[in-house]
Amino acid sequence: MKIKLFTALLAVLVLTGCGAKKGNAYDMLKNMDSYTARAEVRYISNKGENVYDTVQTAKKDGRYRIDTLSPEEYKDTSLIYDGKLVWQKAGGNENKIKVTSNSPERALLILYSFLENHEKSMSDATVTTSASPNGNTTVLEADIAGGDKVFASEKLWFDENKGVPTRLAIYNAEGKEKIVVNFSEFKYNESIDNGVFSIQ
């Protein structure tokens, strides 16, 4: 009985600290120079949900690319931030559209944006680690810098056993999920050609 009780307590064990020293999850993400990942993105509104299957490619200097694989009507659409401007490419090299601002809704999908917000929230940042039968999961929290009622805060789930982030959730001021990103096939420090972030 004692063993079962101990196991049950261990499964729900939560270690939380405000301004606590960041652990392995934070260090690994902070030190990555680039990453690529498959990412299912869910946008949630009062009218329902829109789900996109995407591939993210990003570098520490802020450049990123999001390629959409599905749904079919958005297949082969790419969103590219070259460090100065955001470009949208539809259908491969056809129909180039210049976007003049790196809107929060786009940038928030990228992990470097989360890390920047987490650092700015340092004194109030919460790090939670919970034990489960599958290993440890660390949850990092952040307020969104310059956030509004729609995008106010965010949380990142990190699988300590696999050493990768698995889920990013962005919340409105009422604490409701507005965007959820589920990561898979995550790879650190990939050799990424600079041409990936160019529309030429």
# chains A, B, ... in the order shown; residues from 1 in each chain; ligands from 1

call {"tool": "residues_around", "arguments": {"residues": "Phe114 (chain A)", "least_positions_apart": "3", "cutoff": "8 Å", "atoms": "only C-alpha atoms", "output": "PyMOL selection string"}}
result
chain A and resi 108+110-111+117-118+142+154+156

call {"tool": "closest_atom_pairs", "arguments": {"of": "region 148-193 of chain A", "to": "region 52-59 of chain A", "cutoff": "12 Å", "atoms": "only C-alpha atoms", "output": "tab-separated table"}}
result
residue	atom	partner	partner_atom	distance
A:Ile179	CA	A:Tyr52	CA	11.2
A:Val180	CA	A:Tyr52	CA	10.6
A:Val181	CA	A:Tyr52	CA	9.6
A:Asn182	CA	A:Asp53	CA	9.7
A:Phe183	CA	A:Val55	CA	9.3
A:Ser184	CA	A:Val55	CA	9.6
A:Glu185	CA	A:Val55	CA	9.5
A:Phe186	CA	A:Gln56	CA	9.4
A:Lys187	CA	A:Thr57	CA	9.8
A:Tyr188	CA	A:Ala58	CA	10.1
A:Asn189	CA	A:Lys59	CA	8.6
A:Glu190	CA	A:Thr57	CA	9.1
A:Ser191	CA	A:Lys59	CA	10.0
A:Ile192	CA	A:Thr57	CA	8.2
A:Asp193	CA	A:Lys59	CA	10.5

call {"tool": "select_by_dssp", "arguments": {"residues": "region 36-168 of chain A", "states": "strand (DSSP E)", "output": "PyMOL selection string"}}
result
chain A and resi 36-45+48-59+64-70+77-81+86-89+96-99+126-132+135-143+153-159+164-168

call {"tool": "write_last_selection", "arguments": {"atoms": "C-alpha atoms", "output": "short mmCIF file (atom, residue, chain, number, x, y, z; two decimals), in the first residue's frame"}}
result
data_model
loop_
_atom_site.label_atom_id
_atom_site.label_comp_id
_atom_site.auth_asym_id
_atom_site.auth_seq_id
_atom_site.Cartn_x
_atom_site.Cartn_y
_atom_site.Cartn_z
CA THR A 36 13.83 22.43 -37.48
CA ALA A 37 10.59 20.77 -36.43
CA ARG A 38 7.29 19.46 -37.68
CA ALA A 39 4.60 21.51 -35.99
CA GLU A 40 0.84 21.07 -35.86
CA VAL A 41 -0.63 24.53 -35.26
CA ARG A 42 -4.16 25.02 -33.91
CA TYR A 43 -5.80 28.44 -33.97
CA ILE A 44 -8.74 28.58 -31.56
CA SER A 45 -11.56 31.12 -31.71
CA GLY A 48 -14.04 26.87 -33.84
CA GLU A 49 -10.53 25.67 -34.67
CA ASN A 50 -8.28 25.78 -37.71
CA VAL A 51 -5.47 23.22 -37.83
CA TYR A 52 -2.34 23.43 -39.98
CA ASP A 53 0.44 20.89 -40.48
CA THR A 54 3.66 22.87 -40.84
CA VAL A 55 7.45 22.67 -40.81
CA GLN A 56 9.38 25.30 -38.84
CA THR A 57 12.95 26.30 -39.59
CA ALA A 58 14.52 28.96 -37.39
CA LYS A 59 17.85 30.50 -36.43
CA TYR A 64 12.49 31.86 -39.56
CA ARG A 65 10.49 30.00 -42.16
CA ILE A 66 7.14 28.25 -41.77
CA ASP A 67 6.10 25.91 -44.60
CA THR A 68 2.50 24.69 -44.65
CA LEU A 69 1.88 21.09 -45.68
CA SER A 70 -1.88 21.01 -45.09
CA THR A 77 2.49 28.26 -48.74
CA SER A 78 5.58 29.61 -46.97
CA LEU A 79 6.00 32.41 -44.47
CA ILE A 80 9.58 33.70 -44.43
CA TYR A 81 11.16 36.28 -42.14
CA VAL A 86 8.12 38.95 -43.65
CA TRP A 87 7.38 37.40 -47.03
CA GLN A 88 4.55 35.09 -47.94
CA LYS A 89 5.01 32.70 -50.84
CA LYS A 96 5.10 36.58 -54.00
CA ILE A 97 3.53 38.88 -51.42
CA LYS A 98 5.57 41.23 -49.28
CA VAL A 99 4.37 41.62 -45.71
CA THR A 126 7.59 29.95 -13.38
CA VAL A 127 9.32 26.63 -13.98
CA THR A 128 7.29 23.53 -13.15
CA THR A 129 8.59 19.98 -13.32
CA SER A 130 6.25 17.04 -12.94
CA ALA A 131 7.13 13.37 -12.71
CA SER A 132 5.14 10.80 -14.66
CA GLY A 135 9.66 10.61 -17.41
CA ASN A 136 9.83 14.25 -16.42
CA THR A 137 8.06 17.11 -18.17
CA THR A 138 9.17 20.67 -17.52
CA VAL A 139 6.77 23.54 -18.16
CA LEU A 140 8.20 27.02 -18.69
CA GLU A 141 5.89 30.03 -18.49
CA ALA A 142 6.15 33.59 -19.76
CA ASP A 143 4.18 36.78 -20.12
CA SER A 153 0.90 34.68 -21.83
CA GLU A 154 2.35 31.37 -22.97
CA LYS A 155 3.62 28.01 -21.73
CA LEU A 156 6.13 25.59 -23.21
CA TRP A 157 6.20 21.86 -22.38
CA PHE A 158 9.61 20.14 -22.56
CA ASP A 159 10.13 16.36 -22.44
CA VAL A 164 12.92 18.23 -26.82
CA PRO A 165 10.03 20.71 -26.59
CA THR A 166 6.67 19.09 -27.29
CA ARG A 167 3.96 21.72 -26.90
CA LEU A 168 3.58 25.50 -26.92
#

call {"tool": "atom_distance", "arguments": {"atom1": "CA of Lys60 (chain A)", "atom2": "CA of Tyr112 (chain A)"}}
result
6.7 Å

call {"tool": "closest_residue", "arguments": {"among": "A:Asp61, A:Ser121, A:Lys162, A:Ala152", "to": "Glu177 (chain A)", "atoms": "only C-alpha atoms"}}
result
A:Ala152

call {"tool": "closest_residue", "arguments": {"among": "A:Asn161, A:Ser198, A:Asn31, A:Ser113", "to": "Ala145 (chain A)", "atoms": "only C-alpha atoms"}}
result
A:Ser113

call {"tool": "residues_around", "arguments": {"residues": "Ala173 (chain A)", "least_positions_apart": "4", "cutoff": "7 Å", "atoms": "only C-alpha atoms", "output": "NGL selection string"}}
result
:A and (149-152)
